[in-house]
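Heads up, work-v3.cif below (mmCIF, C-alpha atoms and all ligand atoms):
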```cif
data_start
loop_
_atom_site.label_atom_id
_atom_site.label_comp_id
_atom_site.auth_asym_id
_atom_site.auth_seq_id
_atom_site.Cartn_x
_atom_site.Cartn_y
_atom_site.Cartn_z
CA MET S 16 84.54 90.02 92.82
CA SER S 17 86.84 92.95 93.61
CA ASN S 18 90.17 91.69 92.32
CA GLN S 19 90.18 93.81 89.16
CA LYS S 20 93.24 95.82 88.20
CA ASP S 21 92.91 99.60 88.42
CA LEU S 22 93.24 100.95 84.87
CA LEU S 23 90.88 103.92 85.38
CA TYR S 24 93.43 106.58 84.45
CA SER S 25 95.57 104.56 82.02
CA ASP S 26 94.16 106.11 78.80
CA LEU S 27 94.58 109.80 78.01
CA LEU S 28 91.35 111.49 79.12
CA GLY S 29 90.01 114.56 77.33
CA LYS S 30 88.40 115.97 80.43
CA ILE S 31 89.35 114.83 83.92
CA SER S 32 86.32 114.87 86.22
CA ASP S 33 86.57 115.16 89.99
CA PHE S 34 87.31 111.80 91.59
CA SER S 35 84.25 110.08 93.03
CA PHE S 36 83.69 106.74 94.76
CA ASP S 37 81.40 105.36 92.07
CA GLU S 38 80.93 101.84 90.70
CA SER S 39 84.07 101.97 88.54
CA VAL S 40 86.21 102.90 91.56
CA ALA S 41 84.51 100.38 93.87
CA SER S 42 85.17 97.58 91.35
CA VAL S 43 88.96 98.14 91.42
CA PHE S 44 89.28 99.56 94.93
CA PRO S 45 91.43 96.89 96.64
CA ASP S 46 94.01 97.07 93.84
CA MET S 47 93.86 100.88 93.69
CA ILE S 48 94.41 101.50 97.39
CA LYS S 49 97.12 98.86 97.78
CA ARG S 50 99.14 100.37 94.91
CA SER S 51 98.44 103.99 95.95
CA VAL S 52 98.79 104.19 99.74
CA PRO S 53 102.17 103.17 101.17
CA GLY S 54 101.67 101.07 104.29
CA TYR S 55 97.95 100.48 103.73
CA GLY S 56 98.13 96.74 104.49
CA ALA S 57 100.23 97.25 107.62
CA ILE S 58 97.88 99.97 108.89
CA ILE S 59 94.82 97.76 108.43
CA SER S 60 96.30 94.81 110.29
CA MET S 61 97.61 97.00 113.13
CA ILE S 62 94.15 98.58 113.54
CA GLY S 63 92.89 95.02 113.98
CA MET S 64 95.47 94.53 116.71
CA MET S 65 94.40 97.79 118.42
CA ALA S 66 90.78 96.63 118.33
CA GLY S 67 91.85 93.42 120.08
CA ARG S 68 93.47 95.49 122.80
CA TYR S 69 91.03 98.36 123.28
CA VAL S 70 87.55 97.08 122.50
CA LYS S 71 85.52 96.67 125.66
CA ARG S 72 82.66 94.30 126.37
CA ASP S 73 79.20 95.53 125.20
CA SER S 74 80.61 98.49 123.24
CA ASN S 75 80.34 99.83 119.68
CA CYS S 76 83.18 100.00 117.14
CA TYR S 77 82.95 102.41 114.22
CA ASP S 78 84.60 102.18 110.80
CA LEU S 79 83.80 105.57 109.23
CA GLY S 80 84.38 105.69 105.47
CA CYS S 81 84.57 101.90 105.40
CA SER S 82 84.79 101.44 101.58
CA LEU S 83 84.81 97.65 101.11
CA GLY S 84 85.24 96.93 104.81
CA ALA S 85 88.95 96.06 105.07
CA THR S 86 89.24 97.77 108.48
CA THR S 87 85.93 96.30 109.64
CA LEU S 88 87.08 92.76 108.84
CA ALA S 89 90.46 93.29 110.53
CA MET S 90 88.70 94.53 113.70
CA ARG S 91 86.10 91.77 113.50
CA LYS S 92 88.79 89.10 113.48
CA GLN S 93 90.55 90.48 116.56
CA ILE S 94 87.69 91.57 118.85
CA ASN S 95 87.55 89.08 121.69
CA GLN S 96 84.87 90.64 123.92
CA GLN S 97 81.19 89.74 124.20
CA GLY S 98 78.33 92.04 123.21
CA CYS S 99 80.25 94.16 120.68
CA ARG S 100 78.99 95.50 117.38
CA ILE S 101 80.80 97.09 114.44
CA ILE S 102 79.09 99.95 112.62
CA ALA S 103 80.62 100.44 109.16
CA VAL S 104 79.57 103.63 107.38
CA ASP S 105 80.16 104.97 103.87
CA ASN S 106 78.19 107.41 101.72
CA SER S 107 78.96 105.64 98.42
CA ASP S 108 76.19 103.22 97.35
CA ALA S 109 78.66 101.31 95.18
CA MET S 110 81.02 100.76 98.14
CA VAL S 111 78.25 99.89 100.59
CA ASP S 112 76.58 97.33 98.26
CA ARG S 113 79.89 95.53 97.77
CA CYS S 114 80.88 95.88 101.43
CA LYS S 115 77.65 94.20 102.57
CA LYS S 116 78.39 91.16 100.38
CA ILE S 117 82.00 90.97 101.57
CA VAL S 118 80.88 91.08 105.21
CA GLU S 119 78.23 88.38 104.56
CA ASP S 120 80.92 86.12 103.09
CA ASP S 121 83.17 86.60 106.13
CA SER S 122 82.75 83.98 108.81
CA SER S 123 83.77 85.95 111.94
CA GLN S 124 81.08 86.23 114.59
CA VAL S 125 80.99 89.89 115.71
CA PRO S 126 77.79 91.53 114.37
CA VAL S 127 78.40 94.15 111.66
CA GLU S 128 75.96 96.78 110.46
CA VAL S 129 76.90 98.38 107.12
CA ILE S 130 75.19 101.74 106.66
CA CYS S 131 75.05 104.03 103.63
CA ARG S 132 75.24 107.49 105.17
CA ASP S 133 77.37 110.61 105.36
CA ILE S 134 79.57 110.33 108.45
CA GLN S 135 78.40 113.84 109.36
CA ASP S 136 74.93 112.38 109.96
CA VAL S 137 75.96 109.33 111.96
CA GLU S 138 75.35 109.20 115.67
CA ILE S 139 78.30 107.89 117.70
CA ASN S 140 77.63 106.30 121.05
CA ASN S 141 79.14 103.83 123.51
CA ALA S 142 82.25 103.59 121.31
CA SER S 143 85.47 101.93 122.42
CA ILE S 144 87.17 102.36 119.02
CA VAL S 145 86.46 104.74 116.15
CA VAL S 146 88.45 104.53 112.91
CA LEU S 147 88.71 107.11 110.14
CA ASN S 148 91.11 105.28 107.83
CA PHE S 149 91.84 107.78 105.03
CA THR S 150 88.34 109.30 105.21
CA LEU S 151 88.61 112.70 106.94
CA GLN S 152 90.72 113.98 104.03
CA PHE S 153 87.61 113.82 101.81
CA ILE S 154 85.50 115.98 104.15
CA ASP S 155 85.25 119.77 103.86
CA PRO S 156 87.97 121.07 106.24
CA GLU S 157 85.39 123.40 107.85
CA LYS S 158 83.35 120.38 108.91
CA ARG S 159 86.23 118.33 110.35
CA GLN S 160 86.30 119.77 113.89
CA GLY S 161 82.57 119.13 114.34
CA ILE S 162 83.03 115.48 113.35
CA ILE S 163 85.93 114.93 115.74
CA ASN S 164 83.99 116.66 118.56
CA LYS S 165 81.00 114.39 117.94
CA ILE S 166 83.21 111.29 117.94
CA TYR S 167 84.84 112.35 121.22
CA LYS S 168 81.44 112.83 122.88
CA GLY S 169 80.27 109.38 121.75
CA MET S 170 83.34 107.54 123.01
CA LEU S 171 83.82 105.68 126.28
CA PRO S 172 86.62 106.76 128.62
CA GLY S 173 89.71 104.73 127.69
CA GLY S 174 88.56 104.41 124.08
CA ILE S 175 90.72 105.15 121.02
CA LEU S 176 90.30 107.07 117.80
CA VAL S 177 92.50 106.15 114.83
CA ILE S 178 92.84 108.68 112.01
CA SER S 179 94.91 107.86 108.91
CA GLU S 180 95.52 110.66 106.43
CA LYS S 181 97.61 111.92 103.56
CA LEU S 182 99.58 114.86 105.01
CA SER S 183 100.78 118.19 103.71
CA TYR S 184 103.95 119.99 104.85
CA GLN S 185 104.71 123.67 105.33
CA ASP S 186 108.35 123.00 104.48
CA LYS S 187 108.37 123.06 100.68
CA ASP S 188 111.43 120.80 100.35
CA ILE S 189 109.88 118.09 102.53
CA GLN S 190 106.55 118.53 100.77
CA ASN S 191 108.14 118.07 97.34
CA LEU S 192 110.34 115.19 98.47
CA PHE S 193 107.44 113.21 99.98
CA ILE S 194 105.21 113.83 96.95
CA ASP S 195 108.04 112.64 94.75
CA MET S 196 108.68 109.54 96.87
CA HIS S 197 104.96 108.76 96.80
CA HIS S 198 105.00 108.96 93.00
CA GLU S 199 108.04 106.65 92.96
CA PHE S 200 106.04 104.23 95.12
CA LYS S 201 103.17 104.32 92.61
CA LYS S 202 105.53 103.83 89.67
CA ALA S 203 107.15 100.88 91.43
CA HIS S 204 103.65 99.40 91.69
CA GLY S 205 103.00 99.70 87.97
CA TYR S 206 101.30 103.08 87.53
CA SER S 207 102.49 105.14 84.55
CA ASP S 208 103.34 108.86 84.68
CA LEU S 209 100.07 109.52 82.81
CA GLU S 210 98.00 107.56 85.35
CA ILE S 211 99.70 109.31 88.26
CA SER S 212 99.21 112.76 86.79
CA GLN S 213 95.55 112.25 85.71
CA LYS S 214 94.60 110.79 89.10
CA ARG S 215 96.34 113.68 90.84
CA THR S 216 94.26 116.16 88.84
CA ALA S 217 91.05 114.23 89.62
CA LEU S 218 91.81 114.36 93.36
CA GLU S 219 92.92 118.00 93.50
CA GLU S 220 89.60 119.47 94.72
CA VAL S 221 88.41 116.31 96.45
CA LEU S 222 91.21 115.16 98.76
CA ILE S 223 92.38 118.07 100.94
CA PRO S 224 95.43 117.11 103.03
CA GLU S 225 96.39 119.02 106.16
CA ASP S 226 99.59 119.15 108.18
CA ILE S 227 100.15 117.05 111.28
CA GLU S 228 99.95 120.06 113.63
CA THR S 229 96.44 120.87 112.37
CA HIS S 230 95.32 117.29 113.02
CA LYS S 231 96.84 117.14 116.50
CA LYS S 232 95.41 120.54 117.49
CA ARG S 233 91.93 119.52 116.35
CA ILE S 234 92.07 116.19 118.21
CA LEU S 235 93.22 117.81 121.46
CA LYS S 236 90.68 120.64 121.09
CA ALA S 237 87.91 118.02 120.92
CA GLY S 238 89.01 116.82 124.37
CA PHE S 239 91.21 113.78 123.73
CA SER S 240 93.88 113.50 126.45
CA SER S 241 96.75 112.41 124.15
CA CYS S 242 97.47 111.82 120.50
CA ASP S 243 100.45 110.95 118.36
CA VAL S 244 101.53 109.39 115.08
CA TRP S 245 101.92 105.60 115.34
CA PHE S 246 102.69 104.96 111.63
CA GLN S 247 104.15 107.01 108.82
CA CYS S 248 105.52 106.38 105.34
CA PHE S 249 106.34 109.51 103.33
CA ASN S 250 103.25 111.79 103.41
CA PHE S 251 100.89 109.06 104.68
CA ALA S 252 100.41 108.77 108.41
CA SER S 253 98.14 107.31 111.01
CA LEU S 254 97.45 108.91 114.39
CA LEU S 255 95.93 107.49 117.49
CA ALA S 256 94.13 109.51 120.12
CA LEU S 257 93.17 108.40 123.62
CA LYS S 258 90.07 109.49 125.51
C1 LIG O 301 89.76 101.30 104.13
N1 LIG O 301 88.63 103.16 105.21
O1 LIG O 301 89.85 100.48 103.20
N2 LIG O 301 80.67 110.08 104.57
C2 LIG O 301 80.87 108.74 104.47
N3 LIG O 301 81.84 108.20 103.72
C3 LIG O 301 82.64 109.04 103.04
C4 LIG O 301 82.47 110.44 103.08
C5 LIG O 301 81.45 110.96 103.90
N4 LIG O 301 81.23 112.26 104.01
N5 LIG O 301 83.41 111.03 102.29
C6 LIG O 301 84.14 110.02 101.75
N6 LIG O 301 83.66 108.83 102.19
C7 LIG O 301 88.84 102.46 103.94
C8 LIG O 301 89.39 103.38 102.88
S1 LIG O 301 88.67 105.43 101.18
C9 LIG O 301 90.24 106.14 101.12
C10 LIG O 301 88.68 104.68 102.80
C11 LIG O 301 90.77 106.40 99.79
C12 LIG O 301 84.15 107.48 101.87
C13 LIG O 301 84.32 107.23 100.39
O2 LIG O 301 83.10 106.84 99.78
C14 LIG O 301 85.38 106.12 100.40
O3 LIG O 301 84.80 104.83 100.35
C15 LIG O 301 86.13 106.33 101.70
O4 LIG O 301 85.45 107.36 102.41
C16 LIG O 301 87.58 106.77 101.50
O5 LIG O 301 90.42 101.21 105.19
O6 LIG O 301 90.15 106.02 98.78
O7 LIG O 301 91.88 107.08 99.72
#
```
Mind turning the file's structure into structure tokens?
Amino acid sequence: MSNQKDLLYSDLLGKISDFSFDESVASVFPDMIKRSVPGYGAIISMIGMMAGRYVKRDSNCYDLGCSLGATTLAMRKQINQQGCRIIAVDNSDAMVDRCKKIVEDDSSQVPVEVICRDIQDVEINNASIVVLNFTLQFIDPEKRQGIINKIYKGMLPGGILVISEKLSYQDKDIQNLFIDMHHEFKKAHGYSDLEISQKRTALEEVLIPEDIETHKKRILKAGFSSCDVWFQCFNFASLLALK
């Protein structure tokens, strides 16, 4: 169903609209994210491993900005405790409709609820793991602290938060080098210069990256006792935070 090749930016577009997670994106999403985010597959499977380690009996697990549920399914496979539930949330109807079908077709046993909602409006409670896998970057930076605070309050002691993000750098040379290496990565995966440049324009006002210090400060300010980067490839990183 979702094995289509991403050709969304392959033709020269007269006007490039802001990127949105609509039906056309949902239909090519697995191909798009695999060829666009270095380390995506490794991050997903390691989050599954973390769920196996950290998820406690009778607790909730959240996949916020779940898209087609890749993180949800990785966690579902590895959770080995009784009484757990995964809550997968996304505010794109196109993603949620497809995600529900994908979850139905998966045979793992842990109950999954797929909800179409803005993560700003989701209540977090009794959580042993919360994942924001490349989602926070799409939220208004002014709203990010409130979301992390809410997540912290809804988590159990000993729980973990995983946040994966595209990063920015103050150091202009590093910033330019990583952007360049990322574009090389995309080219190596078959995207043309035109596709790369049109997609970049579409994302300009939509995906707002921050530097690692800003992320760490926000996480610690919310109350988490520790946080650090556990994965990085160029300007794509994943952090984990402990409550
Ligand atoms: C994965 N985590 O495959 N509320 C809910 N969902 C949102 C919001 C919001 N305010 N803003 C954006 N989204 C997934 C990949 S993709 C990352 C996540 C990417 C959703 C949006 O609809 C999209 O499905 C997802 O966040 C971001 O592990 O495309 O770079």
Expected answer as a PDB file with C-alpha atoms, in the coordinates of the input: residues within 9 Å of ligand LIG 301 (chain O), all atoms listed in the file:
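Wrote out-v2.pdb, looks like this:
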```pdb
ATOM      1  CA  SER S  35      84.250 110.080  93.030  1.00  0.00           C
ATOM      2  CA  PHE S  36      83.690 106.740  94.760  1.00  0.00           C
ATOM      3  CA  ASP S  37      81.400 105.360  92.070  1.00  0.00           C
ATOM      4  CA  VAL S  40      86.210 102.900  91.560  1.00  0.00           C
ATOM      5  CA  ALA S  41      84.510 100.380  93.870  1.00  0.00           C
ATOM      6  CA  PHE S  44      89.280  99.560  94.930  1.00  0.00           C
ATOM      7  CA  PRO S  45      91.430  96.890  96.640  1.00  0.00           C
ATOM      8  CA  MET S  47      93.860 100.880  93.690  1.00  0.00           C
ATOM      9  CA  ILE S  48      94.410 101.500  97.390  1.00  0.00           C
ATOM     10  CA  SER S  51      98.440 103.990  95.950  1.00  0.00           C
ATOM     11  CA  VAL S  52      98.790 104.190  99.740  1.00  0.00           C
ATOM     12  CA  TYR S  55      97.950 100.480 103.730  1.00  0.00           C
ATOM     13  CA  GLY S  56      98.130  96.740 104.490  1.00  0.00           C
ATOM     14  CA  ILE S  58      97.880  99.970 108.890  1.00  0.00           C
ATOM     15  CA  ILE S  59      94.820  97.760 108.430  1.00  0.00           C
ATOM     16  CA  ASP S  78      84.600 102.180 110.800  1.00  0.00           C
ATOM     17  CA  LEU S  79      83.800 105.570 109.230  1.00  0.00           C
ATOM     18  CA  GLY S  80      84.380 105.690 105.470  1.00  0.00           C
ATOM     19  CA  CYS S  81      84.570 101.900 105.400  1.00  0.00           C
ATOM     20  CA  SER S  82      84.790 101.440 101.580  1.00  0.00           C
ATOM     21  CA  LEU S  83      84.810  97.650 101.110  1.00  0.00           C
ATOM     22  CA  GLY S  84      85.240  96.930 104.810  1.00  0.00           C
ATOM     23  CA  ALA S  85      88.950  96.060 105.070  1.00  0.00           C
ATOM     24  CA  THR S  86      89.240  97.770 108.480  1.00  0.00           C
ATOM     25  CA  THR S  87      85.930  96.300 109.640  1.00  0.00           C
ATOM     26  CA  VAL S 104      79.570 103.630 107.380  1.00  0.00           C
ATOM     27  CA  ASP S 105      80.160 104.970 103.870  1.00  0.00           C
ATOM     28  CA  ASN S 106      78.190 107.410 101.720  1.00  0.00           C
ATOM     29  CA  SER S 107      78.960 105.640  98.420  1.00  0.00           C
ATOM     30  CA  ASP S 108      76.190 103.220  97.350  1.00  0.00           C
ATOM     31  CA  ALA S 109      78.660 101.310  95.180  1.00  0.00           C
ATOM     32  CA  MET S 110      81.020 100.760  98.140  1.00  0.00           C
ATOM     33  CA  VAL S 111      78.250  99.890 100.590  1.00  0.00           C
ATOM     34  CA  CYS S 131      75.050 104.030 103.630  1.00  0.00           C
ATOM     35  CA  ARG S 132      75.240 107.490 105.170  1.00  0.00           C
ATOM     36  CA  ASP S 133      77.370 110.610 105.360  1.00  0.00           C
ATOM     37  CA  ILE S 134      79.570 110.330 108.450  1.00  0.00           C
ATOM     38  CA  GLN S 135      78.400 113.840 109.360  1.00  0.00           C
ATOM     39  CA  ASP S 136      74.930 112.380 109.960  1.00  0.00           C
ATOM     40  CA  VAL S 137      75.960 109.330 111.960  1.00  0.00           C
ATOM     41  CA  VAL S 146      88.450 104.530 112.910  1.00  0.00           C
ATOM     42  CA  LEU S 147      88.710 107.110 110.140  1.00  0.00           C
ATOM     43  CA  ASN S 148      91.110 105.280 107.830  1.00  0.00           C
ATOM     44  CA  PHE S 149      91.840 107.780 105.030  1.00  0.00           C
ATOM     45  CA  THR S 150      88.340 109.300 105.210  1.00  0.00           C
ATOM     46  CA  LEU S 151      88.610 112.700 106.940  1.00  0.00           C
ATOM     47  CA  GLN S 152      90.720 113.980 104.030  1.00  0.00           C
ATOM     48  CA  PHE S 153      87.610 113.820 101.810  1.00  0.00           C
ATOM     49  CA  ILE S 154      85.500 115.980 104.150  1.00  0.00           C
ATOM     50  CA  ASP S 155      85.250 119.770 103.860  1.00  0.00           C
ATOM     51  CA  SER S 179      94.910 107.860 108.910  1.00  0.00           C
ATOM     52  CA  GLU S 180      95.520 110.660 106.430  1.00  0.00           C
ATOM     53  CA  LYS S 181      97.610 111.920 103.560  1.00  0.00           C
ATOM     54  CA  LEU S 222      91.210 115.160  98.760  1.00  0.00           C
TER      55      LEU S 222
END
```
d(atom CA of Lys231 of chain S, atom CA of Leu88 of chain S) in Å: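 Value for the atom CA of Lys231 of chain S-atom CA of Leu88 of chain S distance: 27.4 Å.
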Within 8 Å of file point (84.1, 101.4, 116.6), counting only C-alpha atoms, expressed as a ChimeraX atom specification: /S:75-78,100-102,142-146
With C-alpha atoms retained, could you export that selection as a PDB file, in the frame of the given file?
```
ATOM      1  CA  ASN S  75      80.340  99.830 119.680  1.00  0.00           C
ATOM      2  CA  CYS S  76      83.180 100.000 117.140  1.00  0.00           C
ATOM      3  CA  TYR S  77      82.950 102.410 114.220  1.00  0.00           C
ATOM      4  CA  ASP S  78      84.600 102.180 110.800  1.00  0.00           C
ATOM      5  CA  ARG S 100      78.990  95.500 117.380  1.00  0.00           C
ATOM      6  CA  ILE S 101      80.800  97.090 114.440  1.00  0.00           C
ATOM      7  CA  ILE S 102      79.090  99.950 112.620  1.00  0.00           C
ATOM      8  CA  ALA S 142      82.250 103.590 121.310  1.00  0.00           C
ATOM      9  CA  SER S 143      85.470 101.930 122.420  1.00  0.00           C
ATOM     10  CA  ILE S 144      87.170 102.360 119.020  1.00  0.00           C
ATOM     11  CA  VAL S 145      86.460 104.740 116.150  1.00  0.00           C
ATOM     12  CA  VAL S 146      88.450 104.530 112.910  1.00  0.00           C
TER      13      VAL S 146
END
```
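Atom to atom, atom CA of Ser207 of chain S and atom CA of Asp188 of chain S stand 24.0 Å apart.
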Near Ile194 of chain S, counting only C-alpha atoms, which residues have an atom at most 10 Å away, once you skip same-chain residues fewer than 5 positions from it, shown as a tab-separated table (two decimals) with C-alpha atoms, in the frame of the given file?
```
chain	number	residue	atom	x	y	z
S	182	LEU	CA	99.58	114.86	105.01
S	183	SER	CA	100.78	118.19	103.71
S	188	ASP	CA	111.43	120.80	100.35
S	189	ILE	CA	109.88	118.09	102.53
S	199	GLU	CA	108.04	106.65	92.96
S	200	PHE	CA	106.04	104.23	95.12
S	249	PHE	CA	106.34	109.51	103.33
S	250	ASN	CA	103.25	111.79	103.41
```
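Reported to one decimal place, the separation of atom CA of Gln19 of chain S from atom CA of Ser39 of chain S is 10.2 Å.
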Test item: which residues lie within 12 Å of (95.1, 96.9, 115.5) counting only C-alpha atoms, as number ranges by chain: S: 56-70, 86-94, 144-146, 175-177, 245-246, 253, 255
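Ranking S:Lys165, S:Lys71, S:His230, S:Lys20 by their shortest atom-to-atom distance to Glu138 of chain S, with all atoms listed in the file included, puts S:Lys165 first.
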For Leu28 of chain S: contacts at 12 Å, only C-alpha atoms, fewer than 2 positions along chain excluded, given as number ranges by chain: S: 23-26, 30-32, 209-210, 212-214, 216-217
Dump C-alpha atoms for the selected residues as a short mmCIF file (atom, residue, chain, number, x, y, z; two decimals), keeping the file's coordinate frame?
```
data_model
loop_
_atom_site.label_atom_id
_atom_site.label_comp_id
_atom_site.auth_asym_id
_atom_site.auth_seq_id
_atom_site.Cartn_x
_atom_site.Cartn_y
_atom_site.Cartn_z
CA LEU S 23 90.88 103.92 85.38
CA TYR S 24 93.43 106.58 84.45
CA SER S 25 95.57 104.56 82.02
CA ASP S 26 94.16 106.11 78.80
CA LYS S 30 88.40 115.97 80.43
CA ILE S 31 89.35 114.83 83.92
CA SER S 32 86.32 114.87 86.22
CA LEU S 209 100.07 109.52 82.81
CA GLU S 210 98.00 107.56 85.35
CA SER S 212 99.21 112.76 86.79
CA GLN S 213 95.55 112.25 85.71
CA LYS S 214 94.60 110.79 89.10
CA THR S 216 94.26 116.16 88.84
CA ALA S 217 91.05 114.23 89.62
#
```
Of the listed residues S:Val221, S:Asp243, S:Phe251, S:Arg233, that which approaches Asp33 of chain S most closely, counting only C-alpha atoms: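 Using only C-alpha atoms, the shortest distance to Asp33 of chain S belongs to S:Val221.
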Please return the centre and edge lengths, in Å to one decimal, of a box with edges along x, y and z that contains all listed atoms of segment 135-151 of chain S, widened by 6 Å on every side, as lines of an AutoDock Vina configuration file.
```
center_x = 83.4
center_y = 107.9
center_z = 114.3
size_x = 28.9
size_y = 23.9
size_z = 30.5
```
Residue among S:Ile223, S:Ala252, S:Leu218, S:Leu22 lying closest to Phe34 of chain S, counting all atoms listed in the file: S:Leu218
For Cys248 of chain S, the nearest of the candidates S:Ile166, S:Ile211, S:Ala203, S:Met196, counting all atoms listed in the file: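 Selected residue with least distance to Cys248 of chain S: S:Met196.
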Atoms are missing here; could segment 93-108 of chain S be completed with N, CA, C and O atoms and written as a PDB file, keeping the file's coordinate frame?
```pdb
ATOM      1  N   GLN S  93      89.731  90.361 115.339  1.00  0.00           N
ATOM      2  CA  GLN S  93      90.550  90.480 116.560  1.00  0.00           C
ATOM      3  C   GLN S  93      89.741  90.793 117.815  1.00  0.00           C
ATOM      4  O   GLN S  93      90.263  90.714 118.922  1.00  0.00           O
ATOM      5  N   ILE S  94      88.483  91.214 117.656  1.00  0.00           N
ATOM      6  CA  ILE S  94      87.690  91.570 118.850  1.00  0.00           C
ATOM      7  C   ILE S  94      87.373  90.285 119.615  1.00  0.00           C
ATOM      8  O   ILE S  94      86.853  89.329 119.059  1.00  0.00           O
ATOM      9  N   ASN S  95      87.733  90.310 120.909  1.00  0.00           N
ATOM     10  CA  ASN S  95      87.550  89.080 121.690  1.00  0.00           C
ATOM     11  C   ASN S  95      86.638  89.305 122.888  1.00  0.00           C
ATOM     12  O   ASN S  95      86.707  88.603 123.863  1.00  0.00           O
ATOM     13  N   GLN S  96      85.793  90.344 122.816  1.00  0.00           N
ATOM     14  CA  GLN S  96      84.870  90.640 123.920  1.00  0.00           C
ATOM     15  C   GLN S  96      83.438  90.320 123.487  1.00  0.00           C
ATOM     16  O   GLN S  96      83.121  90.385 122.304  1.00  0.00           O
ATOM     17  N   GLN S  97      82.601  90.045 124.465  1.00  0.00           N
ATOM     18  CA  GLN S  97      81.190  89.740 124.200  1.00  0.00           C
ATOM     19  C   GLN S  97      80.393  91.030 124.003  1.00  0.00           C
ATOM     20  O   GLN S  97      80.765  92.081 124.515  1.00  0.00           O
ATOM     21  N   GLY S  98      79.313  90.943 123.278  1.00  0.00           N
ATOM     22  CA  GLY S  98      78.330  92.040 123.210  1.00  0.00           C
ATOM     23  C   GLY S  98      78.766  93.220 122.370  1.00  0.00           C
ATOM     24  O   GLY S  98      78.212  94.313 122.501  1.00  0.00           O
ATOM     25  N   CYS S  99      79.771  93.034 121.497  1.00  0.00           N
ATOM     26  CA  CYS S  99      80.250  94.160 120.680  1.00  0.00           C
ATOM     27  C   CYS S  99      79.573  94.157 119.323  1.00  0.00           C
ATOM     28  O   CYS S  99      79.073  93.137 118.855  1.00  0.00           O
ATOM     29  N   ARG S 100      79.640  95.334 118.679  1.00  0.00           N
ATOM     30  CA  ARG S 100      78.990  95.500 117.380  1.00  0.00           C
ATOM     31  C   ARG S 100      79.871  96.454 116.585  1.00  0.00           C
ATOM     32  O   ARG S 100      80.377  97.438 117.148  1.00  0.00           O
ATOM     33  N   ILE S 101      80.046  96.163 115.298  1.00  0.00           N
ATOM     34  CA  ILE S 101      80.800  97.090 114.440  1.00  0.00           C
ATOM     35  C   ILE S 101      79.800  97.818 113.560  1.00  0.00           C
ATOM     36  O   ILE S 101      78.930  97.188 112.934  1.00  0.00           O
ATOM     37  N   ILE S 102      79.936  99.149 113.501  1.00  0.00           N
ATOM     38  CA  ILE S 102      79.090  99.950 112.620  1.00  0.00           C
ATOM     39  C   ILE S 102      79.997 100.507 111.527  1.00  0.00           C
ATOM     40  O   ILE S 102      80.904 101.304 111.811  1.00  0.00           O
ATOM     41  N   ALA S 103      79.786 100.037 110.297  1.00  0.00           N
ATOM     42  CA  ALA S 103      80.620 100.440 109.160  1.00  0.00           C
ATOM     43  C   ALA S 103      79.792 101.400 108.302  1.00  0.00           C
ATOM     44  O   ALA S 103      78.681 101.064 107.892  1.00  0.00           O
ATOM     45  N   VAL S 104      80.345 102.582 108.050  1.00  0.00           N
ATOM     46  CA  VAL S 104      79.570 103.630 107.380  1.00  0.00           C
ATOM     47  C   VAL S 104      80.320 104.149 106.149  1.00  0.00           C
ATOM     48  O   VAL S 104      81.527 104.403 106.212  1.00  0.00           O
ATOM     49  N   ASP S 105      79.590 104.323 105.056  1.00  0.00           N
ATOM     50  CA  ASP S 105      80.160 104.970 103.870  1.00  0.00           C
ATOM     51  C   ASP S 105      79.014 105.630 103.114  1.00  0.00           C
ATOM     52  O   ASP S 105      77.881 105.151 103.161  1.00  0.00           O
ATOM     53  N   ASN S 106      79.297 106.741 102.446  1.00  0.00           N
ATOM     54  CA  ASN S 106      78.190 107.410 101.720  1.00  0.00           C
ATOM     55  C   ASN S 106      78.179 107.070 100.230  1.00  0.00           C
ATOM     56  O   ASN S 106      77.457 107.696  99.460  1.00  0.00           O
ATOM     57  N   SER S 107      78.977 106.079  99.817  1.00  0.00           N
ATOM     58  CA  SER S 107      78.960 105.640  98.420  1.00  0.00           C
ATOM     59  C   SER S 107      78.130 104.349  98.315  1.00  0.00           C
ATOM     60  O   SER S 107      78.477 103.332  98.927  1.00  0.00           O
ATOM     61  N   ASP S 108      77.034 104.414  97.535  1.00  0.00           N
ATOM     62  CA  ASP S 108      76.190 103.220  97.350  1.00  0.00           C
ATOM     63  C   ASP S 108      76.998 102.061  96.809  1.00  0.00           C
ATOM     64  O   ASP S 108      76.829 100.917  97.217  1.00  0.00           O
TER      65      ASP S 108
END
```
